[in-house]
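Engineer: Dropping a structure here in structure tokens format, bear with me for questions.
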Amino acid sequence: MTTDNLEEYQNPLQYDKEHVHYHEDITYLTNWAKKSKGPIIDLACGTGRASLPLARTGRRLLGVDLHSGMLERAKEKALAENLDISFLEQDCTMLDLGVKSDFIFMVGNSFQHFLTNEAQDNLLNAVQRHLVPGGQFLFNTRFPSEDELLSTNSEEPGFTYKDGSLSVHVSYISQYDALSQVQHNITIRKYFSDAGDLVEEKRSTIDLRFVFPLEMERLLEKHGLTIEGVYQDWKETPLTANASSMIYLCKLSCS
């Protein structure tokens with residue numbers, strides 16, 4: 001993740017409003033957290049969407065993110081619930097937490113923020129350094145389907161939500177660079193009054209790297225991570241060509 005690719009996250013309150021209803025991964029994470037014996041590390045934790053629910057179960061959580069504003073929001077939410085979570089501002093490619101864990105996770109498709117081979121290698125090196133032998137690393141990333149990688153010059157509809165008295169319509173424009181495997185995205189937010197009048201329009205950009213399944217297998221193996229399962233949803237449905245997501249459950253080799 002790089003500091004020049006964080007424009008989409010400049011408003012942590014907006015981020016929470018847009019992701020408050022997503023919790024499909026929480027039950028799965030909680031089940032794995034129950035098996036953990038030590039501190040759990042949440043990489044690219046953002047505003048604590050996943051950290052907080054796990055901490056409510058009594059587990060010890062360390063949340064790591066590069067974005068100070070997102071971390072401040074996470075700390076505020078944890079304090080409001082009296083949850084003991086350590087939120088640390090660090091670059092995940094240069095992770096230095098002083099602890100090892102038997103369960104590290106990175107959700108929200110955050111793996112896609114690591115745009116180059118070097119960044120991906122450094123991330124997985126950091127994960128390897130912070131896992132105990134036999135420890136688990138769980139993460140997800142978008143599946144590089146034909147539809148996902150289709151470049152468009154027009155707005156593609158996303159979703160709508162309420163922000164106070166305004167209705168926010170979110171749409172996207174995407175361009176995919178096949179050489180770098182990076183998708184360049186513009187997110188458009190249009191704010192409408194109850195009368196249907198356009199009050200404001202905001203745009204932000206974000207770049208996302210796509211990795212193909214066979215490429216991912218070789219990448220994880222290179223870093224001593226054995227794939228124990230690869231799924232297309234949090235119900236552990238086996239990966240198919242019709243998937244929109246890839247979820248990897250990996251184990252650090254004991255050798």
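Chain labels follow the order of the structure tokens: the first chain is A, the next B, and so on; residue numbering restarts at 1 in every chain, and ligands are counted from 1 in their shown order.
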Write out as a list in words all residues of range 98-186 of chain A that backbone DSSP assigns to helix (DSSP H, G or I).
Structural biologist: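 Those in range 98-186 of chain A that DSSP calls helix (DSSP H, G or I) are Ser110, Phe111, Gln112, His113, Asn117, Glu118, Ala119, Gln120, Asp121, Asn122, Leu123, Leu124, Asn125, Ala126, Val127, Gln128, Arg129 and His130 of chain A.
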Engineer: Residues of range 120-196 of chain A within 6 Å of range 95-110 of chain A: nearest atom pair and distance (Å, one decimal) for each, counting only C-alpha atoms, sorted by chain and number, as a Markdown table?
Structural biologist:
| residue | atom | partner | partner_atom | distance |
| --- | --- | --- | --- | --- |
| A:Ala126 | CA | A:Leu95 | CA | 5.6 |
| A:His130 | CA | A:Lys100 | CA | 4.5 |
| A:Leu131 | CA | A:Ser101 | CA | 5.0 |
| A:Val132 | CA | A:Asp102 | CA | 5.5 |
| A:Gly135 | CA | A:Asp102 | CA | 4.0 |
| A:Gln136 | CA | A:Phe103 | CA | 4.8 |
| A:Phe137 | CA | A:Ile104 | CA | 4.9 |
| A:Leu138 | CA | A:Phe105 | CA | 4.6 |
| A:Phe139 | CA | A:Met106 | CA | 4.7 |
| A:Asn140 | CA | A:Asn109 | CA | 5.2 |
| A:Thr141 | CA | A:Asn109 | CA | 4.3 |
Engineer: Just the selected residues (N, CA and C atoms), exported as a PDB file, in the first residue's frame, please.
Structural biologist:
ATOM      1  N   ALA A 126       6.702  -9.934   5.492  1.00  0.00           N
ATOM      2  CA  ALA A 126       6.308  -9.421   6.807  1.00  0.00           C
ATOM      3  C   ALA A 126       5.354 -10.381   7.504  1.00  0.00           C
ATOM      4  N   HIS A 130       5.996 -12.629  11.102  1.00  0.00           N
ATOM      5  CA  HIS A 130       5.141 -12.432  12.275  1.00  0.00           C
ATOM      6  C   HIS A 130       4.248 -13.623  12.591  1.00  0.00           C
ATOM      7  N   LEU A 131       4.336 -14.687  11.794  1.00  0.00           N
ATOM      8  CA  LEU A 131       3.590 -15.904  12.086  1.00  0.00           C
ATOM      9  C   LEU A 131       4.462 -16.907  12.835  1.00  0.00           C
ATOM     10  N   VAL A 132       3.859 -17.586  13.782  1.00  0.00           N
ATOM     11  CA  VAL A 132       4.543 -18.718  14.391  1.00  0.00           C
ATOM     12  C   VAL A 132       4.491 -19.878  13.403  1.00  0.00           C
ATOM     13  N   GLY A 135       1.249 -21.223  11.880  1.00  0.00           N
ATOM     14  CA  GLY A 135       0.246 -20.177  12.006  1.00  0.00           C
ATOM     15  C   GLY A 135      -0.524 -19.951  10.715  1.00  0.00           C
ATOM     16  N   GLN A 136      -1.720 -19.367  10.835  1.00  0.00           N
ATOM     17  CA  GLN A 136      -2.624 -19.178   9.710  1.00  0.00           C
ATOM     18  C   GLN A 136      -2.609 -17.735   9.219  1.00  0.00           C
ATOM     19  N   PHE A 137      -2.658 -17.581   7.885  1.00  0.00           N
ATOM     20  CA  PHE A 137      -2.843 -16.279   7.247  1.00  0.00           C
ATOM     21  C   PHE A 137      -4.065 -16.371   6.352  1.00  0.00           C
ATOM     22  N   LEU A 138      -5.043 -15.507   6.607  1.00  0.00           N
ATOM     23  CA  LEU A 138      -6.302 -15.496   5.872  1.00  0.00           C
ATOM     24  C   LEU A 138      -6.460 -14.144   5.180  1.00  0.00           C
ATOM     25  N   PHE A 139      -6.768 -14.152   3.883  1.00  0.00           N
ATOM     26  CA  PHE A 139      -6.991 -12.892   3.175  1.00  0.00           C
ATOM     27  C   PHE A 139      -7.898 -13.121   1.975  1.00  0.00           C
ATOM     28  N   ASN A 140      -8.445 -12.030   1.464  1.00  0.00           N
ATOM     29  CA  ASN A 140      -9.263 -12.132   0.265  1.00  0.00           C
ATOM     30  C   ASN A 140      -8.859 -11.065  -0.747  1.00  0.00           C
ATOM     31  N   THR A 141      -9.213 -11.322  -1.998  1.00  0.00           N
ATOM     32  CA  THR A 141      -8.920 -10.405  -3.095  1.00  0.00           C
ATOM     33  C   THR A 141      -9.929 -10.665  -4.205  1.00  0.00           C
TER      34      THR A 141
END
Engineer: Set the distance at 10 Å and use only C-alpha atoms: which residues neighbour Asn122 in chain A once local chain neighbours fewer than 4 positions away are removed? I'd like the list as a list in words.
Structural biologist: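 Listing them by chain and then by number gives Cys92, Thr93, Met94, Leu95, Phe114, Thr116, Asn117, Glu118, Ala126, Val127, Gln128 and His223 of chain A.
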Engineer: Could you please take those selected residues and save N, CA, C and O atoms as a PDB file, in the first residue's frame?
Structural biologist:
ATOM      1  N   CYS A  92       2.516  -2.097   6.108  1.00  0.00           N
ATOM      2  CA  CYS A  92       2.495  -3.559   6.227  1.00  0.00           C
ATOM      3  C   CYS A  92       3.648  -4.229   5.492  1.00  0.00           C
ATOM      4  O   CYS A  92       3.974  -5.382   5.779  1.00  0.00           O
ATOM      5  N   THR A  93       4.289  -3.519   4.565  1.00  0.00           N
ATOM      6  CA  THR A  93       5.442  -4.095   3.874  1.00  0.00           C
ATOM      7  C   THR A  93       6.713  -3.993   4.722  1.00  0.00           C
ATOM      8  O   THR A  93       7.723  -4.620   4.397  1.00  0.00           O
ATOM      9  N   MET A  94       6.657  -3.204   5.783  1.00  0.00           N
ATOM     10  CA  MET A  94       7.812  -3.039   6.675  1.00  0.00           C
ATOM     11  C   MET A  94       7.400  -3.309   8.118  1.00  0.00           C
ATOM     12  O   MET A  94       7.854  -2.653   9.052  1.00  0.00           O
ATOM     13  N   LEU A  95       6.539  -4.284   8.296  1.00  0.00           N
ATOM     14  CA  LEU A  95       5.913  -4.567   9.578  1.00  0.00           C
ATOM     15  C   LEU A  95       6.951  -4.927  10.644  1.00  0.00           C
ATOM     16  O   LEU A  95       7.839  -5.739  10.415  1.00  0.00           O
ATOM     17  N   PHE A 114      -1.457  -3.584  -2.828  1.00  0.00           N
ATOM     18  CA  PHE A 114      -0.024  -3.804  -3.003  1.00  0.00           C
ATOM     19  C   PHE A 114       0.208  -4.010  -4.497  1.00  0.00           C
ATOM     20  O   PHE A 114       0.005  -5.092  -5.039  1.00  0.00           O
ATOM     21  N   THR A 116       2.749  -3.703  -6.797  1.00  0.00           N
ATOM     22  CA  THR A 116       3.897  -4.214  -7.539  1.00  0.00           C
ATOM     23  C   THR A 116       4.328  -5.568  -6.982  1.00  0.00           C
ATOM     24  O   THR A 116       3.959  -5.954  -5.860  1.00  0.00           O
ATOM     25  N   ASN A 117       5.141  -6.285  -7.755  1.00  0.00           N
ATOM     26  CA  ASN A 117       5.690  -7.550  -7.267  1.00  0.00           C
ATOM     27  C   ASN A 117       6.495  -7.329  -5.996  1.00  0.00           C
ATOM     28  O   ASN A 117       6.423  -8.134  -5.053  1.00  0.00           O
ATOM     29  N   GLU A 118       7.273  -6.250  -5.959  1.00  0.00           N
ATOM     30  CA  GLU A 118       8.088  -5.956  -4.780  1.00  0.00           C
ATOM     31  C   GLU A 118       7.220  -5.727  -3.550  1.00  0.00           C
ATOM     32  O   GLU A 118       7.525  -6.234  -2.459  1.00  0.00           O
ATOM     33  N   ALA A 126       6.702  -9.934   5.492  1.00  0.00           N
ATOM     34  CA  ALA A 126       6.308  -9.421   6.807  1.00  0.00           C
ATOM     35  C   ALA A 126       5.354 -10.381   7.504  1.00  0.00           C
ATOM     36  O   ALA A 126       5.461 -10.622   8.710  1.00  0.00           O
ATOM     37  N   VAL A 127       4.404 -10.933   6.750  1.00  0.00           N
ATOM     38  CA  VAL A 127       3.483 -11.925   7.315  1.00  0.00           C
ATOM     39  C   VAL A 127       4.265 -13.136   7.812  1.00  0.00           C
ATOM     40  O   VAL A 127       4.040 -13.626   8.934  1.00  0.00           O
ATOM     41  N   GLN A 128       5.191 -13.602   7.001  1.00  0.00           N
ATOM     42  CA  GLN A 128       5.997 -14.769   7.363  1.00  0.00           C
ATOM     43  C   GLN A 128       6.780 -14.520   8.648  1.00  0.00           C
ATOM     44  O   GLN A 128       6.861 -15.389   9.524  1.00  0.00           O
ATOM     45  N   HIS A 223       6.789 -17.844  -0.420  1.00  0.00           N
ATOM     46  CA  HIS A 223       6.950 -17.262   0.912  1.00  0.00           C
ATOM     47  C   HIS A 223       6.621 -18.255   2.023  1.00  0.00           C
ATOM     48  O   HIS A 223       6.323 -17.858   3.154  1.00  0.00           O
TER      49      HIS A 223
END
Engineer: Hey, what's within 10 Å of Gln181 in chain A if we count only C-alpha atoms and toss same-chain stuff fewer than 5 positions away? As a PyMOL selection string, please?
Structural biologist: chain A and resi 115-116+144+149+176+208-212
Engineer: Would you mind exporting the chosen residues as a short mmCIF file (atom, residue, chain, number, x, y, z; two decimals), in the first residue's frame, restricted to all heavy atoms?
Structural biologist:
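What landed in again-v3.cif:
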data_model
loop_
_atom_site.label_atom_id
_atom_site.label_comp_id
_atom_site.auth_asym_id
_atom_site.auth_seq_id
_atom_site.Cartn_x
_atom_site.Cartn_y
_atom_site.Cartn_z
N LEU A 115 0.63 -2.93 -5.16
CA LEU A 115 0.49 -2.81 -6.60
C LEU A 115 1.61 -3.43 -7.42
O LEU A 115 1.45 -3.65 -8.61
CB LEU A 115 0.36 -1.32 -6.98
CG LEU A 115 -0.80 -0.56 -6.34
CD1 LEU A 115 -0.78 0.90 -6.79
CD2 LEU A 115 -2.14 -1.20 -6.68
N THR A 116 2.75 -3.70 -6.80
CA THR A 116 3.90 -4.21 -7.54
C THR A 116 4.33 -5.57 -6.98
O THR A 116 3.96 -5.95 -5.86
CB THR A 116 5.09 -3.24 -7.44
OG1 THR A 116 5.53 -3.18 -6.07
CG2 THR A 116 4.69 -1.85 -7.93
N PRO A 144 -10.07 -12.05 -10.82
CA PRO A 144 -9.85 -11.33 -12.08
C PRO A 144 -10.73 -11.85 -13.21
O PRO A 144 -10.24 -12.38 -14.22
CB PRO A 144 -8.36 -11.56 -12.35
CG PRO A 144 -8.09 -12.90 -11.75
CD PRO A 144 -8.96 -12.98 -10.53
N LEU A 149 -12.38 -7.00 -15.27
CA LEU A 149 -11.25 -6.35 -15.94
C LEU A 149 -11.67 -5.59 -17.19
O LEU A 149 -10.82 -5.04 -17.90
CB LEU A 149 -10.20 -7.41 -16.30
CG LEU A 149 -9.65 -8.22 -15.13
CD1 LEU A 149 -8.56 -9.15 -15.60
CD2 LEU A 149 -9.16 -7.33 -14.00
N TYR A 176 -8.45 -0.82 -17.01
CA TYR A 176 -7.52 -1.88 -16.62
C TYR A 176 -6.29 -1.86 -17.51
O TYR A 176 -6.39 -1.85 -18.74
CB TYR A 176 -8.22 -3.23 -16.71
CG TYR A 176 -7.33 -4.41 -16.35
CD1 TYR A 176 -6.82 -4.55 -15.06
CD2 TYR A 176 -6.99 -5.37 -17.30
CE1 TYR A 176 -6.02 -5.63 -14.73
CE2 TYR A 176 -6.19 -6.46 -16.97
CZ TYR A 176 -5.70 -6.58 -15.69
OH TYR A 176 -4.90 -7.64 -15.34
N LEU A 208 -5.96 -0.66 -8.05
CA LEU A 208 -6.06 -1.99 -7.46
C LEU A 208 -5.36 -3.01 -8.35
O LEU A 208 -5.60 -3.07 -9.55
CB LEU A 208 -7.54 -2.39 -7.29
CG LEU A 208 -8.40 -1.46 -6.42
CD1 LEU A 208 -9.86 -1.86 -6.52
CD2 LEU A 208 -7.93 -1.49 -4.98
N ARG A 209 -4.51 -3.83 -7.75
CA ARG A 209 -3.78 -4.87 -8.49
C ARG A 209 -4.58 -6.17 -8.46
O ARG A 209 -5.11 -6.57 -7.42
CB ARG A 209 -2.42 -5.09 -7.82
CG ARG A 209 -1.62 -6.31 -8.30
CD ARG A 209 -0.92 -6.07 -9.61
NE ARG A 209 -0.18 -7.27 -10.04
CZ ARG A 209 1.10 -7.52 -9.74
NH1 ARG A 209 1.79 -6.65 -9.01
NH2 ARG A 209 1.70 -8.60 -10.20
N PHE A 210 -4.65 -6.84 -9.61
CA PHE A 210 -5.30 -8.14 -9.69
C PHE A 210 -4.24 -9.23 -9.83
O PHE A 210 -3.23 -9.05 -10.51
CB PHE A 210 -6.26 -8.19 -10.89
CG PHE A 210 -7.59 -7.53 -10.61
CD1 PHE A 210 -7.73 -6.15 -10.72
CD2 PHE A 210 -8.68 -8.28 -10.21
CE1 PHE A 210 -8.94 -5.54 -10.45
CE2 PHE A 210 -9.90 -7.67 -9.94
CZ PHE A 210 -10.03 -6.30 -10.06
N VAL A 211 -4.49 -10.35 -9.18
CA VAL A 211 -3.60 -11.50 -9.23
C VAL A 211 -4.42 -12.71 -9.67
O VAL A 211 -5.53 -12.93 -9.18
CB VAL A 211 -2.96 -11.78 -7.86
CG1 VAL A 211 -2.06 -13.01 -7.93
CG2 VAL A 211 -2.15 -10.58 -7.38
N PHE A 212 -3.87 -13.48 -10.60
CA PHE A 212 -4.57 -14.65 -11.11
C PHE A 212 -4.29 -15.87 -10.22
O PHE A 212 -3.25 -15.93 -9.55
CB PHE A 212 -4.16 -14.92 -12.56
CG PHE A 212 -4.67 -13.88 -13.51
CD1 PHE A 212 -4.03 -12.67 -13.67
CD2 PHE A 212 -5.83 -14.11 -14.24
CE1 PHE A 212 -4.50 -11.69 -14.54
CE2 PHE A 212 -6.32 -13.15 -15.11
CZ PHE A 212 -5.66 -11.93 -15.26
#
Engineer: Tell me, in Å to one decimal, how far CA of Glu72 in chain A is from CA of His23 in chain A.
Structural biologist: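 Rounded to one decimal, the two atoms are 21.2 Å apart.
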Engineer: Take CA of Lys222 in chain A and CA of Ile247 in chain A and report the distance between them in Å, one decimal.
Structural biologist: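 Computed distance, CA of Lys222 in chain A to CA of Ile247 in chain A, equals 18.3 Å.
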Engineer: Quick one: residues within 6 Å of His184 in chain A, only C-alpha atoms counted, chain neighbours fewer than 3 positions away excluded, as number ranges by chain?
Structural biologist: A: 174-175, 207
Engineer: Based on the backbone DSSP call, show me all residues of range 182-230 of chain A assigned strand (DSSP E), as JSON, numbers by chain.
Structural biologist: {"A": [182, 183, 184, 185, 186, 187, 188, 189, 190, 191, 192, 198, 199, 200, 201, 202, 203, 204, 205, 206, 207, 208, 209, 225, 226, 227, 228, 229, 230]}
Engineer: Give me, please, the distance in Å between CA of Ser68 in chain A and CA of Gly48 in chain A, quoted to one decimal.
Structural biologist: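 Straight-line distance from CA of Ser68 in chain A to CA of Gly48 in chain A works out to 12.5 Å.
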Engineer: Please provide the set of residues having any atom within 8 Å of Glu228 in chain A, restricted to only C-alpha atoms, with same-chain residues fewer than 4 positions apart removed, written as a ChimeraX atom specification.
Structural biologist: /A:248-251
Engineer: List as a tab-separated table (two decimals) with all heavy atoms, in the first residue's frame the protein and nucleic acid residues near Glu24 in chain A, meaning an atom at most 12 Å away when only C-alpha atoms are counted, but skip any in the same chain fewer than 5 places from it.
Structural biologist:
chain	number	residue	atom	x	y	z
A	19	HIS	N	-19.81	0.97	4.58
A	19	HIS	CA	-19.46	-0.43	4.83
A	19	HIS	C	-20.10	-0.99	6.10
A	19	HIS	O	-19.81	-2.13	6.47
A	19	HIS	CB	-17.94	-0.57	4.93
A	19	HIS	CG	-17.23	-0.26	3.65
A	19	HIS	ND1	-16.88	1.01	3.28
A	19	HIS	CD2	-16.81	-1.08	2.65
A	19	HIS	CE1	-16.27	0.98	2.11
A	19	HIS	NE2	-16.22	-0.26	1.70
A	29	LEU	N	-14.27	-15.19	10.43
A	29	LEU	CA	-13.11	-14.71	11.19
A	29	LEU	C	-13.23	-15.09	12.66
A	29	LEU	O	-12.26	-15.49	13.29
A	29	LEU	CB	-12.99	-13.19	11.05
A	29	LEU	CG	-12.52	-12.65	9.70
A	29	LEU	CD1	-12.71	-11.15	9.64
A	29	LEU	CD2	-11.05	-13.01	9.46
A	30	THR	N	-14.43	-14.96	13.20
A	30	THR	CA	-14.65	-15.27	14.62
A	30	THR	C	-14.36	-16.74	14.90
A	30	THR	O	-13.75	-17.08	15.93
A	30	THR	CB	-16.08	-14.92	15.02
A	30	THR	OG1	-16.31	-13.52	14.80
A	30	THR	CG2	-16.33	-15.23	16.49
A	49	ARG	N	-13.40	-2.31	11.23
A	49	ARG	CA	-14.63	-3.03	10.90
A	49	ARG	C	-14.58	-4.48	11.37
A	49	ARG	O	-15.57	-5.01	11.89
A	49	ARG	CB	-14.87	-2.98	9.38
A	49	ARG	CG	-16.16	-3.68	8.94
A	49	ARG	CD	-16.25	-3.80	7.43
A	49	ARG	NE	-15.22	-4.67	6.89
A	49	ARG	CZ	-15.31	-5.99	6.86
A	49	ARG	NH1	-16.38	-6.60	7.36
A	49	ARG	NH2	-14.35	-6.72	6.34
A	50	ALA	N	-13.43	-5.13	11.20
A	50	ALA	CA	-13.30	-6.53	11.62
A	50	ALA	C	-12.65	-6.66	12.99
A	50	ALA	O	-12.94	-7.61	13.72
A	50	ALA	CB	-12.50	-7.32	10.58
A	107	VAL	N	-8.56	-8.52	5.32
A	107	VAL	CA	-9.82	-8.64	4.58
A	107	VAL	C	-10.14	-7.32	3.88
A	107	VAL	O	-9.33	-6.40	3.87
A	107	VAL	CB	-10.96	-9.11	5.50
A	107	VAL	CG1	-10.76	-10.56	5.93
A	107	VAL	CG2	-11.09	-8.21	6.73
A	108	GLY	N	-11.34	-7.25	3.30
A	108	GLY	CA	-11.72	-6.04	2.56
A	108	GLY	C	-10.97	-5.90	1.25
A	108	GLY	O	-10.86	-4.79	0.72
A	233	ASP	N	-16.37	-17.62	-1.51
A	233	ASP	CA	-17.20	-16.89	-0.55
A	233	ASP	C	-16.85	-17.37	0.86
A	233	ASP	O	-16.04	-18.28	1.04
A	233	ASP	CB	-18.70	-17.08	-0.84
A	233	ASP	CG	-19.14	-18.54	-0.85
A	233	ASP	OD1	-18.60	-19.34	-0.06
A	233	ASP	OD2	-20.02	-18.89	-1.66
A	234	TRP	N	-17.47	-16.74	1.85
A	234	TRP	CA	-17.16	-17.04	3.24
A	234	TRP	C	-17.89	-18.28	3.76
A	234	TRP	O	-17.80	-18.61	4.94
A	234	TRP	CB	-17.45	-15.82	4.11
A	234	TRP	CG	-16.58	-14.66	3.75
A	234	TRP	CD1	-16.94	-13.55	3.03
A	234	TRP	CD2	-15.19	-14.50	4.07
A	234	TRP	NE1	-15.87	-12.72	2.87
A	234	TRP	CE2	-14.78	-13.27	3.50
A	234	TRP	CE3	-14.27	-15.27	4.76
A	234	TRP	CZ2	-13.47	-12.80	3.61
A	234	TRP	CZ3	-12.96	-14.79	4.88
A	234	TRP	CH2	-12.58	-13.57	4.31
A	235	LYS	N	-18.59	-18.97	2.86
A	235	LYS	CA	-19.20	-20.26	3.19
A	235	LYS	C	-18.32	-21.41	2.73
A	235	LYS	O	-18.74	-22.56	2.75
A	235	LYS	CB	-20.59	-20.36	2.56
A	235	LYS	CG	-21.56	-19.30	3.05
A	235	LYS	CD	-22.90	-19.40	2.34
A	235	LYS	CE	-23.86	-18.31	2.80
A	235	LYS	NZ	-25.16	-18.37	2.07
A	236	GLU	N	-17.12	-21.09	2.27
A	236	GLU	CA	-16.13	-22.06	1.79
A	236	GLU	C	-16.60	-22.79	0.53
A	236	GLU	O	-16.28	-23.96	0.33
A	236	GLU	CB	-15.73	-23.05	2.89
A	236	GLU	CG	-15.00	-22.41	4.06
A	236	GLU	CD	-14.36	-23.42	4.99
A	236	GLU	OE1	-14.71	-24.62	4.91
A	236	GLU	OE2	-13.50	-23.02	5.80
Engineer: From the options A:Tyr231, A:Phe111, A:Phe87, A:Tyr28, which residue's atoms come nearest to Gly63 in chain A, counting only C-alpha atoms?
Structural biologist: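 Checking each of A:Tyr231, A:Phe111, A:Phe87, A:Tyr28 against Gly63 in chain A, counting only C-alpha atoms, the winner is A:Phe87.
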Engineer: Using only C-alpha atoms for the distances, tell me which of A:Glu7, A:Glu81, A:Asp16, A:Asp197 is nearest to His67 in chain A.
Structural biologist: A:Glu7
